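What follows is the content of protein.tsv (TSV, C-alpha atoms).
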chain	number	residue	atom	x	y	z
M	1	MET	CA	0.00	0.00	0.00
M	2	VAL	CA	1.23	3.48	-0.90
M	3	LYS	CA	2.33	5.50	2.13
M	4	VAL	CA	1.00	9.05	1.81
M	5	LEU	CA	2.01	11.92	4.06
M	6	LEU	CA	0.02	15.15	4.25
M	7	ILE	CA	2.39	18.01	5.10
M	8	ILE	CA	0.80	21.08	6.68
M	9	PRO	CA	3.01	24.12	7.23
M	10	ALA	CA	1.36	26.49	9.71
M	11	PHE	CA	2.17	29.83	11.25
M	12	ASN	CA	-0.34	31.11	13.82
M	13	GLU	CA	-3.18	29.04	12.38
M	14	GLN	CA	-4.79	27.63	15.53
M	15	GLU	CA	-8.36	28.29	14.35
M	16	SER	CA	-8.01	27.16	10.73
M	17	LEU	CA	-5.96	24.14	11.75
M	18	LYS	CA	-8.76	22.79	13.97
M	19	THR	CA	-11.14	22.76	11.01
M	20	LEU	CA	-8.58	21.34	8.61
M	21	LEU	CA	-7.45	18.51	10.90
M	22	ALA	CA	-11.08	17.58	11.64
M	23	GLU	CA	-11.75	17.33	7.88
M	24	LEU	CA	-8.63	15.27	7.30
M	25	ARG	CA	-9.49	12.91	10.15
M	26	GLN	CA	-12.97	12.45	8.72
M	27	TYR	CA	-12.05	11.88	5.07
M	28	TYR	CA	-8.43	10.78	5.00
M	29	SER	CA	-7.79	8.71	8.08
M	30	GLN	CA	-5.74	6.32	5.91
M	31	TYR	CA	-3.07	9.00	5.36
M	32	ASP	CA	-0.52	10.26	7.88
M	33	VAL	CA	-0.41	13.94	8.70
M	34	VAL	CA	2.43	16.10	9.98
M	35	VAL	CA	2.14	19.74	11.00
M	36	ILE	CA	5.18	22.00	10.71
M	37	ASP	CA	4.74	24.74	13.25
M	38	ASP	CA	6.79	27.62	11.91
M	39	ALA	CA	7.55	29.18	15.32
M	40	SER	CA	3.93	30.19	15.94
M	41	THR	CA	3.12	32.38	18.91
M	42	ASP	CA	-0.39	30.97	19.30
M	43	GLN	CA	-1.65	27.46	20.10
M	44	THR	CA	-0.95	25.96	16.65
M	45	ALA	CA	1.32	23.17	17.98
M	46	GLN	CA	-1.06	22.32	20.84
M	47	VAL	CA	-4.03	22.13	18.46
M	48	ALA	CA	-2.14	19.68	16.26
M	49	ARG	CA	-0.99	17.55	19.21
M	50	SER	CA	-4.46	17.45	20.73
M	51	ASN	CA	-5.65	16.02	17.40
M	52	GLY	CA	-3.03	13.28	17.63
M	53	VAL	CA	-0.93	14.73	14.83
M	54	PRO	CA	2.89	14.81	15.08
M	55	VAL	CA	4.33	18.32	15.14
M	56	LEU	CA	7.68	19.48	13.84
M	57	ARG	CA	8.25	22.63	15.85
M	58	LEU	CA	10.67	25.09	14.30
M	59	VAL	CA	12.29	27.23	16.97
M	60	ALA	CA	12.79	30.18	14.59
M	61	ASN	CA	10.46	31.23	11.80
M	62	LEU	CA	11.75	29.92	8.47
M	63	GLY	CA	8.94	31.00	6.20
M	64	ILE	CA	6.87	28.73	3.99
M	65	GLY	CA	9.83	27.34	2.00
M	66	GLY	CA	11.82	26.25	5.05
M	67	ALA	CA	8.72	24.83	6.71
M	68	VAL	CA	7.64	22.77	3.70
M	69	GLN	CA	11.19	21.51	3.20
M	70	THR	CA	11.18	20.30	6.83
M	71	GLY	CA	8.10	18.28	5.93
M	72	PHE	CA	9.87	16.77	2.91
M	73	LYS	CA	12.83	15.82	5.12
M	74	TYR	CA	10.40	14.14	7.53
M	75	ALA	CA	8.82	12.26	4.62
M	76	VAL	CA	12.24	11.03	3.45
M	77	LEU	CA	13.28	9.96	6.97
M	78	ASN	CA	10.08	8.04	7.49
M	79	GLY	CA	9.97	6.31	4.12
M	80	TYR	CA	6.83	7.79	2.57
M	81	ASP	CA	5.98	7.20	-1.09
M	82	VAL	CA	3.99	10.36	-1.74
M	83	ALA	CA	3.88	13.73	0.00
M	84	VAL	CA	1.03	16.19	-0.31
M	85	GLN	CA	1.55	19.74	0.87
M	86	LEU	CA	-1.42	21.85	1.86
M	87	ASP	CA	-1.58	25.11	3.73
M	88	GLY	CA	-2.52	25.33	7.39
M	89	ASP	CA	-4.93	28.19	6.68
M	90	ALA	CA	-7.43	25.61	5.32
M	91	GLN	CA	-7.71	27.40	1.97
M	92	HIS	CA	-6.78	24.17	0.25
M	93	ASP	CA	-9.91	22.05	0.27
M	94	PRO	CA	-8.89	18.49	1.24
M	95	ALA	CA	-11.66	17.15	-1.00
M	96	TRP	CA	-9.25	17.67	-3.92
M	97	ILE	CA	-6.37	15.64	-2.51
M	98	GLU	CA	-7.43	12.52	-4.43
M	99	HIS	CA	-7.38	14.52	-7.68
M	100	LEU	CA	-3.78	15.49	-6.99
M	101	LEU	CA	-2.80	11.93	-6.12
M	102	LYS	CA	-4.23	10.41	-9.29
M	103	PRO	CA	-1.52	11.53	-11.79
M	104	ILE	CA	1.16	10.53	-9.28
M	105	ALA	CA	-0.37	7.11	-8.68
M	106	ILE	CA	-0.42	6.22	-12.40
M	107	GLY	CA	3.13	7.52	-12.83
M	108	GLU	CA	2.09	10.24	-15.26
M	109	VAL	CA	4.06	12.97	-13.46
M	110	ASP	CA	6.39	13.47	-10.51
M	111	CYS	CA	4.52	16.47	-9.14
M	112	ALA	CA	0.88	17.53	-9.43
M	113	ILE	CA	-0.08	21.12	-8.71
M	114	GLY	CA	-3.57	22.17	-7.70
M	115	SER	CA	-4.64	25.08	-9.91
M	116	ARG	CA	-7.49	27.50	-9.21
M	117	PHE	CA	-7.47	28.81	-12.75
M	118	LEU	CA	-7.14	25.78	-14.98
M	119	GLY	CA	-9.51	25.03	-17.85
M	120	GLN	CA	-13.07	26.18	-18.36
M	121	ASP	CA	-14.12	25.19	-14.87
M	122	SER	CA	-11.74	27.63	-13.24
M	123	ASP	CA	-12.41	28.60	-9.68
M	124	ARG	CA	-14.49	31.76	-9.95
M	125	ASP	CA	-15.43	31.57	-6.26
M	126	TYR	CA	-11.89	32.15	-5.11
M	127	ARG	CA	-11.03	35.82	-4.81
M	128	THR	CA	-7.34	36.38	-5.43
M	129	PRO	CA	-6.10	39.52	-3.68
M	130	PHE	CA	-5.00	42.16	-6.22
M	131	VAL	CA	-1.38	42.35	-5.04
M	132	ARG	CA	-1.08	38.59	-5.24
M	133	LYS	CA	-2.60	38.56	-8.71
M	134	ILE	CA	0.10	40.89	-10.05
M	135	GLY	CA	2.82	38.65	-8.60
M	136	MET	CA	1.17	35.58	-10.11
M	137	ILE	CA	0.99	37.10	-13.60
M	138	PHE	CA	4.65	38.02	-13.39
M	139	SER	CA	5.81	34.62	-12.19
M	140	THR	CA	3.64	32.87	-14.81
M	141	MET	CA	5.34	34.92	-17.53
M	142	LEU	CA	8.80	34.25	-16.16
M	143	LEU	CA	8.18	30.54	-15.78
M	144	PHE	CA	6.88	30.39	-19.36
M	145	LEU	CA	9.98	32.19	-20.65
M	146	ALA	CA	12.28	29.90	-18.67
M	147	THR	CA	10.56	26.57	-19.33
M	148	GLY	CA	8.16	27.06	-22.22
M	149	LYS	CA	5.41	25.67	-19.97
M	150	ARG	CA	2.26	27.56	-19.20
M	151	VAL	CA	1.42	27.17	-15.53
M	152	THR	CA	-1.80	28.92	-14.55
M	153	ASP	CA	-1.33	28.91	-10.77
M	154	THR	CA	2.35	29.37	-10.02
M	155	THR	CA	1.81	30.37	-6.39
M	156	SER	CA	-0.32	27.37	-5.51
M	157	GLY	CA	1.14	25.50	-2.55
M	158	PHE	CA	-1.38	22.66	-2.95
M	159	ARG	CA	0.82	19.96	-4.44
M	160	ALA	CA	1.48	16.24	-4.46
M	161	LEU	CA	4.97	14.88	-5.06
M	162	ASN	CA	6.26	11.37	-5.58
M	163	HIS	CA	9.20	10.04	-3.57
M	164	ARG	CA	11.85	10.99	-6.13
M	165	SER	CA	10.71	14.59	-6.38
M	166	PHE	CA	10.16	15.23	-2.65
M	167	GLU	CA	13.54	13.66	-1.93
M	168	PHE	CA	14.98	16.21	-4.35
M	169	CYS	CA	13.05	19.03	-2.64
M	170	ALA	CA	14.29	17.85	0.77
M	171	ARG	CA	17.79	18.65	-0.45
M	172	GLU	CA	17.11	21.74	-2.55
M	173	TYR	CA	14.25	24.09	-1.93
M	174	PRO	CA	13.85	27.85	-2.29
M	175	VAL	CA	13.20	29.92	0.83
M	176	ASP	CA	10.65	32.72	0.42
M	177	HIS	CA	7.63	32.38	-1.87
M	178	PRO	CA	9.15	29.14	-3.15
M	179	GLU	CA	6.36	27.81	-5.35
M	180	ALA	CA	7.33	29.22	-8.76
M	181	GLU	CA	11.06	28.73	-8.15
M	182	ALA	CA	10.49	25.14	-7.05
M	183	LEU	CA	8.76	24.43	-10.37
M	184	LEU	CA	11.71	25.83	-12.31
M	185	MET	CA	14.09	23.69	-10.24
M	186	LEU	CA	11.99	20.59	-10.87
M	187	HIS	CA	11.80	21.34	-14.59
M	188	GLN	CA	15.57	21.87	-14.81
M	189	SER	CA	16.24	18.56	-13.13
M	190	LYS	CA	13.92	16.77	-15.61
M	191	PHE	CA	11.03	16.13	-13.23
M	192	LYS	CA	7.61	16.07	-14.85
M	193	PHE	CA	4.79	18.15	-13.43
M	194	LYS	CA	1.27	19.06	-14.41
M	195	GLU	CA	-1.57	21.12	-13.07
M	196	VAL	CA	-4.81	19.64	-11.84
M	197	PRO	CA	-7.93	21.80	-11.48
M	198	VAL	CA	-8.95	22.30	-7.85
M	199	LYS	CA	-11.15	24.66	-5.90
M	200	MET	CA	-9.79	26.69	-3.04
M	201	ARG	CA	-11.52	28.42	-0.19
M	202	SER	CA	-11.09	31.94	1.07
M	203	ARG	CA	-9.27	32.41	4.35
M	204	THR	CA	-11.63	32.58	7.33
M	205	SER	CA	-9.14	33.38	10.08
M	206	GLY	CA	-5.48	34.29	10.54
M	207	GLN	CA	-3.53	36.64	8.32
M	208	SER	CA	-2.05	36.16	4.87
M	209	LEU	CA	1.75	36.41	4.77
M	210	PHE	CA	1.51	38.02	1.33
M	211	THR	CA	1.54	41.66	2.43
M	212	LEU	CA	1.70	44.76	0.20
M	213	VAL	CA	5.43	45.18	0.86
M	214	LYS	CA	6.09	41.55	-0.03
M	215	ALA	CA	3.93	41.92	-3.14
M	216	ILE	CA	6.07	44.83	-4.30
M	217	GLN	CA	9.26	42.88	-3.65
M	218	TYR	CA	7.87	39.67	-5.15
M	219	PRO	CA	8.53	40.27	-8.89
M	220	ILE	CA	12.15	41.28	-8.27
M	221	ARG	CA	12.58	38.44	-5.79
M	222	VAL	CA	11.26	35.91	-8.33
M	223	LEU	CA	13.40	37.37	-11.11
M	224	VAL	CA	16.57	37.14	-9.03
M	225	GLY	CA	15.61	33.68	-7.75
M	226	PHE	CA	15.03	32.43	-11.33
M	227	LEU	CA	18.33	33.91	-12.43
M	228	GLY	CA	20.16	32.08	-9.64
M	229	ILE	CA	18.52	28.76	-10.52
M	230	LEU	CA	19.23	29.16	-14.24
M	231	LEU	CA	22.87	30.06	-13.58
M	232	ARG	CA	23.33	27.13	-11.17
M	233	GLY	CA	21.93	24.73	-13.74
M	234	PRO	CA	20.25	21.36	-13.11
M	235	ARG	CA	20.92	19.65	-9.77
M	236	GLU	CA	21.29	15.95	-9.07
W	27	MET	CA	55.49	66.68	-4.81
W	28	GLN	CA	53.78	66.55	-1.40
W	29	ILE	CA	50.19	65.27	-1.70
W	30	LEU	CA	49.06	65.78	1.91
W	31	SER	CA	50.17	68.48	4.35
W	32	THR	CA	52.20	67.26	7.32
W	33	HIS	CA	49.31	68.10	9.64
W	34	ALA	CA	46.74	66.15	7.60
W	35	ARG	CA	49.18	63.27	7.36
W	36	MET	CA	49.67	63.16	11.13
W	37	VAL	CA	45.92	63.26	11.80
W	38	GLY	CA	45.38	60.48	9.24
W	39	VAL	CA	48.12	58.29	10.74
W	40	ALA	CA	46.78	58.86	14.28
W	41	LEU	CA	43.23	57.91	13.21
W	42	PHE	CA	44.36	54.78	11.41
W	43	ILE	CA	46.52	53.70	14.36
W	44	LEU	CA	43.49	54.11	16.64
W	45	LEU	CA	41.34	52.13	14.21
W	46	PHE	CA	44.03	49.45	13.96
W	47	MET	CA	44.25	49.19	17.77
W	48	TYR	CA	40.46	48.97	18.03
W	49	THR	CA	40.47	46.15	15.45
W	50	LEU	CA	43.11	44.30	17.49
W	51	PHE	CA	41.02	44.86	20.64
W	52	LEU	CA	37.95	43.36	18.93
W	53	LEU	CA	40.06	40.43	17.76
W	54	ARG	CA	41.52	39.90	21.23
W	55	SER	CA	38.12	40.03	22.94
W	56	ASN	CA	36.69	37.50	20.44
W	57	ARG	CA	34.08	39.94	19.14
W	58	LEU	CA	35.60	39.81	15.66
W	59	ASN	CA	36.90	36.56	14.24
W	60	ALA	CA	40.22	36.29	12.44
W	61	GLN	CA	38.63	35.76	9.04
W	62	HIS	CA	36.67	39.03	9.25
W	63	ALA	CA	39.52	40.94	10.91
W	64	MET	CA	41.87	39.98	8.10
W	65	SER	CA	40.21	42.16	5.43
W	66	TRP	CA	39.95	45.11	7.85
W	67	ILE	CA	43.60	44.92	8.93
W	68	LEU	CA	44.70	44.61	5.31
W	69	ALA	CA	42.65	47.64	4.29
W	70	GLU	CA	43.91	49.67	7.27
W	71	LEU	CA	47.53	48.90	6.37
W	72	VAL	CA	46.99	49.84	2.71
W	73	MET	CA	45.36	53.15	3.73
W	74	LEU	CA	48.21	53.84	6.16
W	75	VAL	CA	50.80	53.27	3.45
W	76	LEU	CA	48.88	55.60	1.09
W	77	ILE	CA	48.79	58.33	3.74
W	78	VAL	CA	52.44	58.03	4.69
W	79	SER	CA	53.99	57.47	1.27
W	80	ASP	CA	53.62	60.01	-1.54
W	81	ALA	CA	55.17	57.52	-3.95
W	82	ALA	CA	52.46	54.95	-3.19
W	83	SER	CA	49.71	57.59	-3.57
W	84	LEU	CA	51.14	58.79	-6.88
W	85	PHE	CA	51.38	55.21	-8.11
W	86	ILE	CA	47.65	54.74	-7.40
W	87	VAL	CA	46.79	58.10	-9.00
W	88	ARG	CA	48.64	57.12	-12.20
W	89	LEU	CA	47.20	53.59	-12.14
W	90	ILE	CA	43.62	54.83	-11.90
W	91	GLY	CA	44.17	57.92	-14.01
W	92	ALA	CA	42.60	60.16	-11.36
W	93	ASP	CA	43.00	63.95	-11.15
W	94	ASN	CA	44.42	63.87	-7.65
W	95	ALA	CA	45.34	61.55	-4.78
W	96	LEU	CA	42.22	62.24	-2.73
W	97	SER	CA	39.78	61.19	-5.45
W	98	ALA	CA	41.90	58.09	-6.12
W	99	ILE	CA	41.84	57.09	-2.45
W	100	PHE	CA	38.08	57.82	-2.29
W	101	LEU	CA	37.47	55.58	-5.31
W	102	LEU	CA	39.58	52.80	-3.82
W	103	ALA	CA	37.78	53.07	-0.47
W	104	THR	CA	34.37	52.95	-2.19
W	105	ILE	CA	35.28	49.85	-4.20
W	106	TRP	CA	36.66	48.19	-1.09
W	107	GLY	CA	33.49	49.10	0.88
W	108	VAL	CA	31.24	47.56	-1.79
W	109	LEU	CA	33.36	44.40	-1.95
W	110	LEU	CA	33.29	44.13	1.83
W	111	MET	CA	29.48	44.45	1.90
W	112	LEU	CA	29.15	41.78	-0.78
W	113	ASP	CA	31.47	39.51	1.18
W	114	LEU	CA	29.37	40.05	4.32
W	115	LEU	CA	26.16	39.28	2.40
W	116	VAL	CA	27.70	36.01	1.21
W	117	ARG	CA	28.54	35.16	4.81
W	118	ILE	CA	25.01	36.07	5.98
W	119	SER	CA	23.48	33.90	3.24
W	120	ASP	CA	25.74	31.03	4.25
W	121	LEU	CA	24.83	31.44	7.92
W	122	ASN	CA	21.14	31.60	6.97
W	123	ALA	CA	21.40	28.27	5.15
W	124	LYS	CA	23.19	26.72	8.13
W	125	LEU	CA	20.67	28.13	10.59
W	126	ARG	CA	17.83	26.75	8.49
W	127	ALA	CA	19.41	23.28	8.41
W	128	VAL	CA	20.01	23.32	12.19
W	129	ASN	CA	16.47	24.55	12.85
W	130	GLN	CA	14.99	21.80	10.67
W	131	GLU	CA	17.16	19.12	12.25
W	132	LEU	CA	16.12	20.31	15.70
W	133	ALA	CA	12.44	20.09	14.73
W	134	LEU	CA	12.90	16.55	13.37
W	135	LEU	CA	14.78	15.45	16.50
W	136	GLY	CA	12.18	17.12	18.73
W	137	GLU	CA	9.43	15.13	17.07
W	138	ARG	CA	11.46	11.91	17.48
W	139	PHE	CA	12.06	12.76	21.13
W	140	ASP	CA	8.30	13.26	21.65
W	141	LYS	CA	7.67	9.81	20.15
W	142	LEU	CA	10.37	8.22	22.32
W	143	GLN	CA	8.82	9.77	25.42
W	144	GLN	CA	5.42	8.46	24.45
W	145	GLY	CA	6.92	5.02	23.82
W	146	LEU	CA	5.78	5.04	20.19
W	147	ILE	CA	9.28	4.19	18.97
W	148	THR	CA	12.39	2.68	20.50
W	149	THR	CA	15.91	4.11	20.47
W	150	ASP	CA	17.10	1.63	17.82
W	151	SER	CA	14.20	2.14	15.39
W	152	LYS	CA	15.04	4.21	12.34
W	153	ASN	CA	11.49	4.90	11.26
W	154	HIS	CA	8.24	5.01	13.14

Just dump the structure as C-alpha cells.
Amino acid sequence: MVKVLLIIPAFNEQESLKTLLAELRQYYSQYDVVVIDDASTDQTAQVARSNGVPVLRLVANLGIGGAVQTGFKYAVLNGYDVAVQLDGDAQHDPAWIEHLLKPIAIGEVDCAIGSRFLGQDSDRDYRTPFVRKIGMIFSTMLLFLATGKRVTDTTSGFRALNHRSFEFCAREYPVDHPEAEALLMLHQSKFKFKEVPVKMRSRTSGQSLFTLVKAIQYPIRVLVGFLGILLRGPRE
Amino acid sequence: MQILSTHARMVGVALFILLFMYTLFLLRSNRLNAQHAMSWILAELVMLVLIVSDAASLFIVRLIGADNALSAIFLLATIWGVLLMLDLLVRISDLNAKLRAVNQELALLGERFDKLQQGLITTDSKNH
C-alpha cells in the first residue's frame, strides 16, 4: 500500500488548523499527517498535538519554504511514497487531494499542482487579492519564458509529489515564496509536473503572509531567484 | 610633490593607528573573528601606506588615471566598501542556510524525542 504523508506548514493558524485537521481525520484517516509549526506564537502546535498529529516545531520562523522543506525531510526519513503539501490556513480544500494523487499514482508525473485557474471550470469563487494577482501574472510569464510551460497557478502550494521529487526538494528548496522557483528547479532537473484543477476556499481566520510590501518585492525576488537557478543549472 | 600636508598626514596616521588598535582589541576580545579581521587589517595597512607614502599615492593616482590623490583614495575606499558588503552578504546567506538546516534538524529530532517519550518508537528504530 502506498504510504502518503500530508504536510501542513502552519504559522499562527490555531483556528483554521482545527477545522482542517477535523476534515482530514474524517475523510483521509488512511493517510498520515504532519504539522510543521513555523515558530507560531499561538496554540498551533497544541491544536495539532491534541488532534493526535505529530508536530515538527521550528524554533525560529523559516517562512513557507523552510517549513515545507522540513516536511519533505520528515517524509524522506520516514519512508513515505507520496507527500502532499497543503496550507494550514485551510484554503486548500482536502476534498481535492485525491485529484492530486491520481496523476502521481499512475506515474504520469512526478509532481501535481492544484490550480485554481485551470480550464473552463476555473475557480471563480476564489477571490485572489489584487497584489497577489500581479505577482502571479509576473511569475507565470517568467516561468513560461524559462521553461516554455504555461502554468496557470504558479503560487499554488497545494501539491502532491512522488518520492523521487520530494527527496529532491528535501535537499534543494527555495526559501521565500518558493512555489514558482520550485517548479523551475523541478523542470531543470527533468522532473515532470502538471496542473490539476482544484477549488480553493477563502481564508476565514489568521492573516495572509503576502503583504503589500512583499507583493512589491515579489517580482524582483522571483526574477533574481530564477536567475540564480538558471545560472546554477540542473541539480542531481 | 607633497600630496598631503604634514598636519593632515599626522591626523590620518593617528586615526588609522586608533582604528588598527580597536580592530586588534575586537580580535583579542573575540568579538571579531580572524577571518573578518583579516580584510579590515589589510585595508587599514593599505590606507596607512597611502597616507604616509607620496610615492604609493602617486602610483595609485597614475594607475587609476585620477586627477588627484584624494579622489583616487576615495574611489579605492568605495570599491573596497562595496566588496566588503558583498562579502558580508555572502557570509550572511551562508549562515542563513546553516541556521535553516540546524532549525529543521532540531524540529525533526524534537518530534522523534516526543515519540520516544510516548513510547511510540524505540531508540534503535530508524522509522516510526

Show me, as a ChimeraX atom specification, every residue of chain W with an atom at most 9 Å from chain M, counting all atoms listed in the file. /W:126-127,129-137,140-141,152-154

With only C-alpha atoms as the counted atoms, please give the residues lying no more than 9 Å from Val33 of chain M, apart from itself and same-chain residues fewer than 4 positions off, as a list of chain:residue names.
M:Val4, M:Leu5, M:Leu6, M:Ile7, M:Ile8, M:Leu21, M:Leu24, M:Val53, M:Pro54

Here atom CA of Val82 of chain M and atom CA of Gly65 of chain M stand apart by 18.3 Å

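Close contacts of Glu181 of chain M, defined as residues with an atom at most 7 Å away when counting only C-alpha atoms, with chain neighbours fewer than 4 positions off set aside, comprise Pro174, Met185, Gly225 and Phe226 of chain M.
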
task: Please provide as number ranges by chain all residues within 6 Å of segment 157-167 of chain M, with the sequence filter that same-chain residues fewer than 2 positions apart are discarded (counting only C-alpha atoms).
output: M: 72, 81-86, 100, 110-114, 169-170

Q: Please provide as a list in words all residues within 12 Å of Ala82 of chain W, with the sequence filter that same-chain residues fewer than 2 positions apart are discarded (counting all atoms listed in the file).
A: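 In the requested format, the answer is Gln28, Ile29, Val72, Met73, Leu74, Val75, Leu76, Ile77, Val78, Ser79, Asp80, Leu84, Phe85, Ile86, Val87, Arg88, Leu89, Ala95, Ala98 and Ile99 of chain W.
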
Could the residues in this selection be saved with C-alpha atoms as a PDB file, in the frame of the given file?
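Result file follows (part.pdb):
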ATOM      1  CA  GLN W  28      53.780  66.550  -1.400  1.00  0.00           C
ATOM      2  CA  ILE W  29      50.190  65.270  -1.700  1.00  0.00           C
ATOM      3  CA  VAL W  72      46.990  49.840   2.710  1.00  0.00           C
ATOM      4  CA  MET W  73      45.360  53.150   3.730  1.00  0.00           C
ATOM      5  CA  LEU W  74      48.210  53.840   6.160  1.00  0.00           C
ATOM      6  CA  VAL W  75      50.800  53.270   3.450  1.00  0.00           C
ATOM      7  CA  LEU W  76      48.880  55.600   1.090  1.00  0.00           C
ATOM      8  CA  ILE W  77      48.790  58.330   3.740  1.00  0.00           C
ATOM      9  CA  VAL W  78      52.440  58.030   4.690  1.00  0.00           C
ATOM     10  CA  SER W  79      53.990  57.470   1.270  1.00  0.00           C
ATOM     11  CA  ASP W  80      53.620  60.010  -1.540  1.00  0.00           C
ATOM     12  CA  LEU W  84      51.140  58.790  -6.880  1.00  0.00           C
ATOM     13  CA  PHE W  85      51.380  55.210  -8.110  1.00  0.00           C
ATOM     14  CA  ILE W  86      47.650  54.740  -7.400  1.00  0.00           C
ATOM     15  CA  VAL W  87      46.790  58.100  -9.000  1.00  0.00           C
ATOM     16  CA  ARG W  88      48.640  57.120 -12.200  1.00  0.00           C
ATOM     17  CA  LEU W  89      47.200  53.590 -12.140  1.00  0.00           C
ATOM     18  CA  ALA W  95      45.340  61.550  -4.780  1.00  0.00           C
ATOM     19  CA  ALA W  98      41.900  58.090  -6.120  1.00  0.00           C
ATOM     20  CA  ILE W  99      41.840  57.090  -2.450  1.00  0.00           C
TER      21      ILE W  99
END

4 Å per side around segment 120-125 of chain W: axis-aligned box centre and edge lengths, as JSON:
{"center_x": 23.2, "center_y": 29.2, "center_z": 7.4, "size_x": 13.1, "size_y": 12.9, "size_z": 14.3}

- Expressed in Å to a single decimal, how great is the separation between atom CA of Pro219 of chain M and atom CA of Phe191 of chain M?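 Computing the Euclidean distance for atom CA of Pro219 of chain M and atom CA of Phe191 of chain M yields 24.7 Å.
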
Residue contacts of Gly88 of chain M (9 Å, all atoms listed in the file) excluding same-chain residues fewer than 6 positions away, as a PDB file with C-alpha atoms, in the frame of the given file:
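Resulting contents of out34.pdb:
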ATOM      1  CA  ILE M   8       0.800  21.080   6.680  1.00  0.00           C
ATOM      2  CA  PRO M   9       3.010  24.120   7.230  1.00  0.00           C
ATOM      3  CA  ALA M  10       1.360  26.490   9.710  1.00  0.00           C
ATOM      4  CA  PHE M  11       2.170  29.830  11.250  1.00  0.00           C
ATOM      5  CA  ASN M  12      -0.340  31.110  13.820  1.00  0.00           C
ATOM      6  CA  GLU M  13      -3.180  29.040  12.380  1.00  0.00           C
ATOM      7  CA  GLN M  14      -4.790  27.630  15.530  1.00  0.00           C
ATOM      8  CA  SER M  16      -8.010  27.160  10.730  1.00  0.00           C
ATOM      9  CA  LEU M  17      -5.960  24.140  11.750  1.00  0.00           C
ATOM     10  CA  LEU M  20      -8.580  21.340   8.610  1.00  0.00           C
ATOM     11  CA  VAL M  35       2.140  19.740  11.000  1.00  0.00           C
TER      12      VAL M  35
END

One decimal place gives the atom CA of His99 of chain M-atom CA of Val2 of chain M separation as 15.6 Å

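The shortest atom-to-atom distance to Ala90 of chain M, with all atoms listed in the file taken into account, belongs to M:Glu23 out of M:Asp153, M:Glu23, M:Glu108, M:Glu195.
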